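Below: input10.tsv (TSV, C-alpha atoms)
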```
chain	number	residue	atom	x	y	z
A	186	MET	CA	15.25	-105.29	21.02
A	187	GLU	CA	18.23	-103.29	19.81
A	188	LEU	CA	18.02	-101.89	16.29
A	189	GLU	CA	21.01	-101.21	14.06
A	190	ASN	CA	21.71	-97.48	14.01
A	191	VAL	CA	23.42	-95.73	11.10
A	192	GLU	CA	23.23	-92.09	10.09
A	193	LEU	CA	20.91	-91.12	7.23
A	194	LEU	CA	19.89	-88.09	5.22
A	195	MET	CA	16.40	-87.01	4.16
A	196	ILE	CA	15.53	-84.22	1.76
A	197	ARG	CA	12.53	-82.07	0.90
A	198	PRO	CA	13.13	-80.48	-2.52
A	199	HIS	CA	10.52	-77.75	-1.96
A	200	LEU	CA	8.86	-76.15	1.04
A	201	ALA	CA	5.32	-75.84	-0.31
A	202	GLU	CA	2.34	-77.32	1.53
A	203	ILE	CA	3.78	-77.65	5.03
A	204	PRO	CA	1.46	-79.74	7.25
A	205	GLN	CA	-0.02	-77.52	9.95
A	206	HIS	CA	-0.55	-78.93	13.46
A	207	GLN	CA	-1.59	-77.06	16.61
A	208	LEU	CA	-0.32	-77.70	20.14
A	209	PRO	CA	-2.65	-79.31	22.64
A	210	PRO	CA	-4.18	-76.81	25.10
A	211	GLY	CA	-1.85	-75.59	27.83
A	212	TYR	CA	1.43	-76.08	25.94
A	213	LEU	CA	3.51	-73.14	24.75
A	214	LEU	CA	5.87	-72.91	21.80
A	215	ARG	CA	8.46	-70.15	22.02
A	216	THR	CA	11.84	-69.20	20.58
A	217	PHE	CA	15.30	-69.30	22.14
A	218	ASN	CA	16.45	-67.22	25.11
A	219	ASP	CA	20.02	-67.38	26.46
A	220	PRO	CA	19.10	-69.51	29.53
A	221	ASP	CA	17.82	-72.17	27.10
A	222	ILE	CA	21.36	-73.37	26.39
A	223	ARG	CA	21.30	-75.56	29.50
A	224	GLN	CA	17.70	-76.61	28.75
A	225	TRP	CA	18.80	-77.73	25.26
A	226	VAL	CA	21.52	-79.91	26.77
A	227	ARG	CA	19.17	-81.35	29.42
A	228	ILE	CA	16.46	-82.21	26.88
A	229	HIS	CA	18.93	-83.98	24.60
A	230	GLU	CA	20.59	-85.81	27.49
A	231	LEU	CA	17.19	-87.22	28.45
A	232	ALA	CA	15.84	-87.89	24.96
A	233	ASP	CA	18.84	-88.96	22.89
A	234	GLN	CA	19.91	-92.54	23.49
A	235	PHE	CA	22.43	-92.52	20.63
A	236	ASN	CA	24.56	-89.41	21.25
A	237	SER	CA	26.44	-87.98	24.19
A	238	VAL	CA	25.28	-84.35	24.38
A	239	THR	CA	27.15	-81.63	26.29
A	240	LEU	CA	27.49	-77.86	26.33
A	241	ASP	CA	30.32	-78.33	23.83
A	242	THR	CA	27.85	-80.05	21.50
A	243	PHE	CA	25.58	-77.01	21.64
A	244	TYR	CA	28.41	-74.56	20.92
A	245	ASN	CA	29.85	-76.76	18.15
A	246	GLU	CA	26.45	-76.83	16.43
A	247	PHE	CA	25.28	-73.25	16.97
A	248	GLY	CA	28.13	-71.18	18.41
A	249	ALA	CA	29.13	-69.64	15.07
A	250	ASP	CA	25.74	-67.93	14.75
A	251	MET	CA	24.11	-67.59	18.17
A	252	GLY	CA	22.13	-64.55	16.97
A	253	SER	CA	20.08	-66.70	14.57
A	254	LEU	CA	18.83	-68.90	17.40
A	255	LYS	CA	16.39	-66.21	18.56
A	256	GLU	CA	14.44	-66.70	15.31
A	257	ARG	CA	15.31	-70.29	14.38
A	258	SER	CA	15.41	-72.33	17.60
A	259	PHE	CA	12.11	-73.42	19.14
A	260	TYR	CA	11.30	-74.61	22.65
A	261	LEU	CA	8.23	-76.38	23.93
A	262	ASP	CA	6.98	-75.65	27.45
A	263	ALA	CA	4.53	-77.92	29.31
A	264	PRO	CA	1.48	-76.53	31.14
A	265	ASP	CA	3.52	-76.56	34.39
A	266	GLY	CA	6.19	-74.35	32.74
A	267	ALA	CA	8.83	-77.08	32.32
A	268	THR	CA	10.75	-76.94	29.04
A	269	ILE	CA	10.24	-80.35	27.46
A	270	GLY	CA	11.22	-80.12	23.80
A	271	THR	CA	13.33	-78.32	21.26
A	272	ALA	CA	14.02	-78.23	17.52
A	273	THR	CA	15.91	-75.83	15.29
A	274	ALA	CA	15.28	-74.49	11.78
A	275	TRP	CA	18.98	-74.26	10.90
A	276	TYR	CA	20.66	-73.77	7.56
A	277	ASN	CA	23.47	-74.91	5.30
A	278	PRO	CA	24.35	-72.56	2.42
A	279	SER	CA	26.36	-75.28	0.66
A	280	PHE	CA	24.55	-78.60	1.14
A	281	GLU	CA	25.05	-80.51	-2.10
A	282	GLY	CA	26.16	-77.23	-3.70
A	283	ALA	CA	23.02	-75.22	-2.85
A	284	ASP	CA	21.38	-73.27	-0.02
A	285	TYR	CA	19.23	-75.56	2.14
A	286	GLY	CA	17.34	-75.14	5.37
A	287	ARG	CA	17.96	-77.88	7.90
A	288	VAL	CA	15.73	-79.51	10.49
A	289	HIS	CA	18.29	-79.83	13.26
A	290	TRP	CA	18.45	-81.41	16.72
A	291	VAL	CA	14.80	-82.33	17.36
A	292	ALA	CA	14.04	-83.78	20.81
A	293	ILE	CA	11.22	-84.16	23.31
A	294	VAL	CA	11.87	-85.55	26.78
A	295	PRO	CA	10.66	-89.17	27.11
A	296	GLU	CA	7.83	-88.48	29.56
A	297	ALA	CA	6.28	-85.98	27.11
A	298	GLN	CA	6.55	-88.21	24.04
A	299	GLY	CA	3.36	-89.65	22.57
A	300	LYS	CA	1.26	-86.61	23.55
A	301	GLY	CA	0.86	-85.05	20.11
A	302	LEU	CA	3.72	-82.59	20.51
A	303	SER	CA	6.23	-83.52	17.80
A	304	ARG	CA	4.01	-82.51	14.88
A	305	PRO	CA	3.33	-78.95	16.15
A	306	LEU	CA	7.02	-78.55	17.00
A	307	LEU	CA	8.03	-79.67	13.50
A	308	THR	CA	5.34	-77.42	11.98
A	309	ALA	CA	7.01	-74.41	13.62
A	310	VAL	CA	10.43	-75.44	12.34
A	311	MET	CA	9.14	-76.06	8.83
A	312	ASN	CA	7.26	-72.74	8.72
A	313	CYS	CA	10.48	-70.96	9.68
A	314	LEU	CA	12.42	-72.84	7.02
A	315	GLN	CA	9.76	-72.02	4.43
A	316	ALA	CA	10.14	-68.30	5.21
A	317	ASN	CA	13.91	-68.45	4.67
A	318	HIS	CA	14.70	-71.24	2.18
A	319	GLU	CA	13.42	-73.02	-0.89
A	320	ARG	CA	14.28	-76.58	0.22
A	321	ALA	CA	15.38	-78.48	3.31
A	322	TYR	CA	17.21	-81.55	4.54
A	323	LEU	CA	17.88	-83.32	7.79
A	324	ALA	CA	20.09	-85.99	9.28
A	325	THR	CA	18.62	-88.76	11.39
A	326	SER	CA	19.50	-92.38	12.06
A	327	SER	CA	18.08	-95.76	11.18
A	328	ALA	CA	16.91	-96.73	14.68
A	329	ARG	CA	14.75	-93.61	15.07
A	330	LEU	CA	11.69	-95.20	13.47
A	331	ALA	CA	9.10	-92.77	14.90
A	332	ALA	CA	11.18	-89.80	13.73
A	333	ILE	CA	11.56	-91.28	10.24
A	334	ARG	CA	7.78	-91.77	10.00
A	335	LEU	CA	7.24	-88.17	11.14
A	336	TYR	CA	9.69	-86.77	8.61
A	337	LEU	CA	8.11	-88.81	5.81
A	338	GLU	CA	4.71	-87.42	6.85
A	339	PHE	CA	6.18	-83.91	6.52
A	340	GLY	CA	7.27	-84.53	2.93
A	341	PHE	CA	10.89	-85.57	3.41
A	342	SER	CA	12.23	-88.41	1.27
A	343	PRO	CA	15.11	-90.83	1.76
A	344	TYR	CA	18.28	-89.40	0.26
A	345	THR	CA	21.58	-91.00	-0.62
A	346	ASN	CA	24.96	-89.71	-1.68
A	347	PRO	CA	28.48	-91.22	-1.56
A	348	GLU	CA	28.84	-90.43	2.16
A	349	PHE	CA	25.36	-91.80	2.98
A	350	PRO	CA	24.79	-94.78	0.67
A	351	LEU	CA	21.60	-96.74	0.00
A	352	GLU	CA	22.66	-99.39	2.51
A	353	GLY	CA	21.49	-97.14	5.36
A	354	TRP	CA	17.94	-97.25	4.02
A	355	ARG	CA	18.11	-101.03	3.78
A	356	VAL	CA	18.95	-100.98	7.50
A	357	VAL	CA	15.86	-98.80	8.09
A	358	LYS	CA	13.69	-101.31	6.24
A	359	GLN	CA	15.11	-104.18	8.30
A	360	ASN	CA	14.59	-102.20	11.53
A	361	PHE	CA	10.91	-101.65	10.71
A	362	LEU	CA	10.51	-105.36	9.98
A	363	SER	CA	12.41	-106.35	13.15
A	364	ALA	CA	10.14	-104.08	15.20
A	365	GLY	CA	7.06	-105.71	13.64
A	366	LEU	CA	6.06	-102.48	11.90
A	367	ALA	CA	4.94	-101.85	8.34
A	368	VAL	CA	7.69	-100.48	6.13
A	369	PRO	CA	6.70	-97.00	4.87
A	370	PRO	CA	6.20	-96.98	1.08
A	371	GLN	CA	8.92	-94.33	0.58
A	372	VAL	CA	11.44	-96.61	2.30
A	373	GLU	CA	10.21	-99.69	0.44
A	374	SER	CA	10.55	-97.95	-2.93
A	375	ILE	CA	14.14	-96.75	-2.39
A	376	CYS	CA	15.19	-100.24	-1.25
A	377	ARG	CA	14.02	-102.00	-4.42
```
Produce structure tokens that represent the structure in this file.
Amino acid sequence: MELENVELLMIRPHLAEIPQHQLPPGYLLRTFNDPDIRQWVRIHELADQFNSVTLDTFYNEFGADMGSLKERSFYLDAPDGATIGTATAWYNPSFEGADYGRVHWVAIVPEAQGKGLSRPLLTAVMNCLQANHERAYLATSSARLAAIRLYLEFGFSPYTNPEFPLEGWRVVKQNFLSAGLAVPPQVESICR
């Protein structure tokens, strides 16, 4: 089944009460090192079915402030030492006219998904954002139903503006229904 996929925004107006999740035994969470650039591309190539990700993508997203990656970009290593996930606690000093942290480019390779790793990875990102910002946002897309559920669990809410209208959230609702899944209450309420 192919779900309609449109870009969406989610917002968290405060960074209090971040859910805390621990990694399963044997996994390691660490921050960026220069060799991770190729790992970042590899992880996204494997995990992202909606975007074409290259080295240029990495440099377009992070090249203007590579120094911040050492504190803001997280990598997940499996017990065998393979790097299997990444997420970044990025920033935007002018999102909707204010300084916001940004959950940016979250991915776990397919064979490591469903093992309880996304919540601890997002916990690390959110803790970093909390230390540096008062609020946060993220961009995702309507076919990423598991990601949307995760972000809702972490206190993000559907957000609309002229560039990202309410129609995108109606697509999310329809995608949940098409997949035979319950529509999260936050999505249901914005679609009324």
Selected residue of minimal separation from A:Thr242 among A:Leu188, A:Gly282, A:Ala263, A:Trp290, counting all atoms listed in the file: A:Trp290
Judged by only C-alpha atoms, the minimum distance to A:Tyr260 among A:Ala283, A:Val226, A:Leu214, A:Cys376 is found for A:Leu214
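You will find atom CA of A:Arg197 at 22.0 Å from atom CA of A:Leu254.
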Interatomic distance, atom CA of A:Trp354 to atom CA of A:Leu335 (Å, one decimal):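 Rounded to one decimal, the two atoms are 15.7 Å apart.
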Smallest atom-to-atom distance to A:Gly266: which of A:Val294, A:Ala321, A:Leu213, A:Val357, using all atoms listed in the file?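 Looking at the shortest contact to A:Gly266, the residue is A:Leu213.
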Dump as a tab-separated table the rows for residues of stretch 188-254 of chain A within 12 Å of stretch 360-368 of chain A: closest atom pair and distance in Å with one decimal, all atoms listed in the file counted, ordered by chain and rising residue number.
```
residue	atom	partner	partner_atom	distance
A:Leu188	CA	A:Asn360	CA	5.9
A:Glu189	CA	A:Asn360	CA	7.0
A:Asn190	CA	A:Asn360	CA	8.9
A:Val191	CA	A:Asn360	CA	11.0
```
Take the residues from that selection and put them in a file with C-alpha atoms, as a PDB file, keeping the file's coordinate frame.
```pdb
ATOM      1  CA  LEU A 188      18.020-101.890  16.290  1.00  0.00           C
ATOM      2  CA  GLU A 189      21.010-101.210  14.060  1.00  0.00           C
ATOM      3  CA  ASN A 190      21.710 -97.480  14.010  1.00  0.00           C
ATOM      4  CA  VAL A 191      23.420 -95.730  11.100  1.00  0.00           C
TER       5      VAL A 191
END
```
Top pick for closest residue to A:Ala267, considering A:Ile293, A:Leu314, A:Val356, A:Leu351 and counting all atoms listed in the file: A:Ile293
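For the pair atom CA of A:Arg287 and atom CA of A:Gln359, the interatomic distance is 26.5 Å.
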Name the residues in contact with A:Pro278 at a cut-off of 12 Å, using only C-alpha atoms, excluding same-chain residues fewer than 6 positions from it; report them as a list in words.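 Counting only the stated atoms, we get Asp284, Tyr285, Gly286, Arg287, Asn317, His318, Glu319, Arg320, Ala321 and Tyr322 of chain A.
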Restricting the calculation to all atoms listed in the file, which member of A:Gly252, A:Pro204, A:Pro369, A:Pro209 is positioned closest to A:Gln315? A:Pro204
Residues within 12 Å of A:Phe349, please, as a compact mmCIF listing (two decimals) with C-alpha atoms, keeping the file's coordinate frame. Count all atoms listed in the file; anything in the same chain fewer than 5 positions from it doesn't count.
```txt
# COMPACT_ATOMS: atom_id res chain seq x y z
CA VAL A 191 23.42 -95.73 11.10
CA GLU A 192 23.23 -92.09 10.09
CA LEU A 193 20.91 -91.12 7.23
CA LEU A 194 19.89 -88.09 5.22
CA MET A 195 16.40 -87.01 4.16
CA ALA A 324 20.09 -85.99 9.28
CA THR A 325 18.62 -88.76 11.39
CA SER A 326 19.50 -92.38 12.06
CA SER A 327 18.08 -95.76 11.18
CA PRO A 343 15.11 -90.83 1.76
CA TYR A 344 18.28 -89.40 0.26
CA TRP A 354 17.94 -97.25 4.02
CA ARG A 355 18.11 -101.03 3.78
```
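Residues in contact with A:Pro210 at 12 Å, where all atoms listed in the file are counted and same-chain residues fewer than 3 positions away are skipped, are listed as Gln207, Leu213, Leu214, Asp262, Ala263, Pro264, Lys300, Gly301, Leu302 and Pro305 of chain A.
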Write the residues you've just listed into a file as a PDB file, in the frame of the given file, and include C-alpha atoms for each of them.
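File again18.pdb, as written:
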```
ATOM      1  CA  GLN A 207      -1.590 -77.060  16.610  1.00  0.00           C
ATOM      2  CA  LEU A 213       3.510 -73.140  24.750  1.00  0.00           C
ATOM      3  CA  LEU A 214       5.870 -72.910  21.800  1.00  0.00           C
ATOM      4  CA  ASP A 262       6.980 -75.650  27.450  1.00  0.00           C
ATOM      5  CA  ALA A 263       4.530 -77.920  29.310  1.00  0.00           C
ATOM      6  CA  PRO A 264       1.480 -76.530  31.140  1.00  0.00           C
ATOM      7  CA  LYS A 300       1.260 -86.610  23.550  1.00  0.00           C
ATOM      8  CA  GLY A 301       0.860 -85.050  20.110  1.00  0.00           C
ATOM      9  CA  LEU A 302       3.720 -82.590  20.510  1.00  0.00           C
ATOM     10  CA  PRO A 305       3.330 -78.950  16.150  1.00  0.00           C
TER      11      PRO A 305
END
```
Name the closest residue to A:Tyr276 among the candidates A:Gln298, A:Met311, A:Phe243, A:Leu337; distances are taken between atoms, counting all atoms listed in the file.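 The answer is A:Met311, which sits nearest to A:Tyr276.
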Quick one: residues within 9 Å of A:Asn312, only C-alpha atoms counted, chain neighbours fewer than 5 positions away excluded, as a PyMOL selection string? chain A and resi 200+203+205+274+307+317
Once 4 Å is added on each side, what are the centre and the three edge lengths, in Å to one decimal, of the axis-aligned box enclosing the listed atoms of stretch 256-264 of chain A? Present them as JSON.
```
{"center_x": 8.4, "center_y": -72.3, "center_z": 22.8, "size_x": 21.9, "size_y": 19.2, "size_z": 24.8}
```
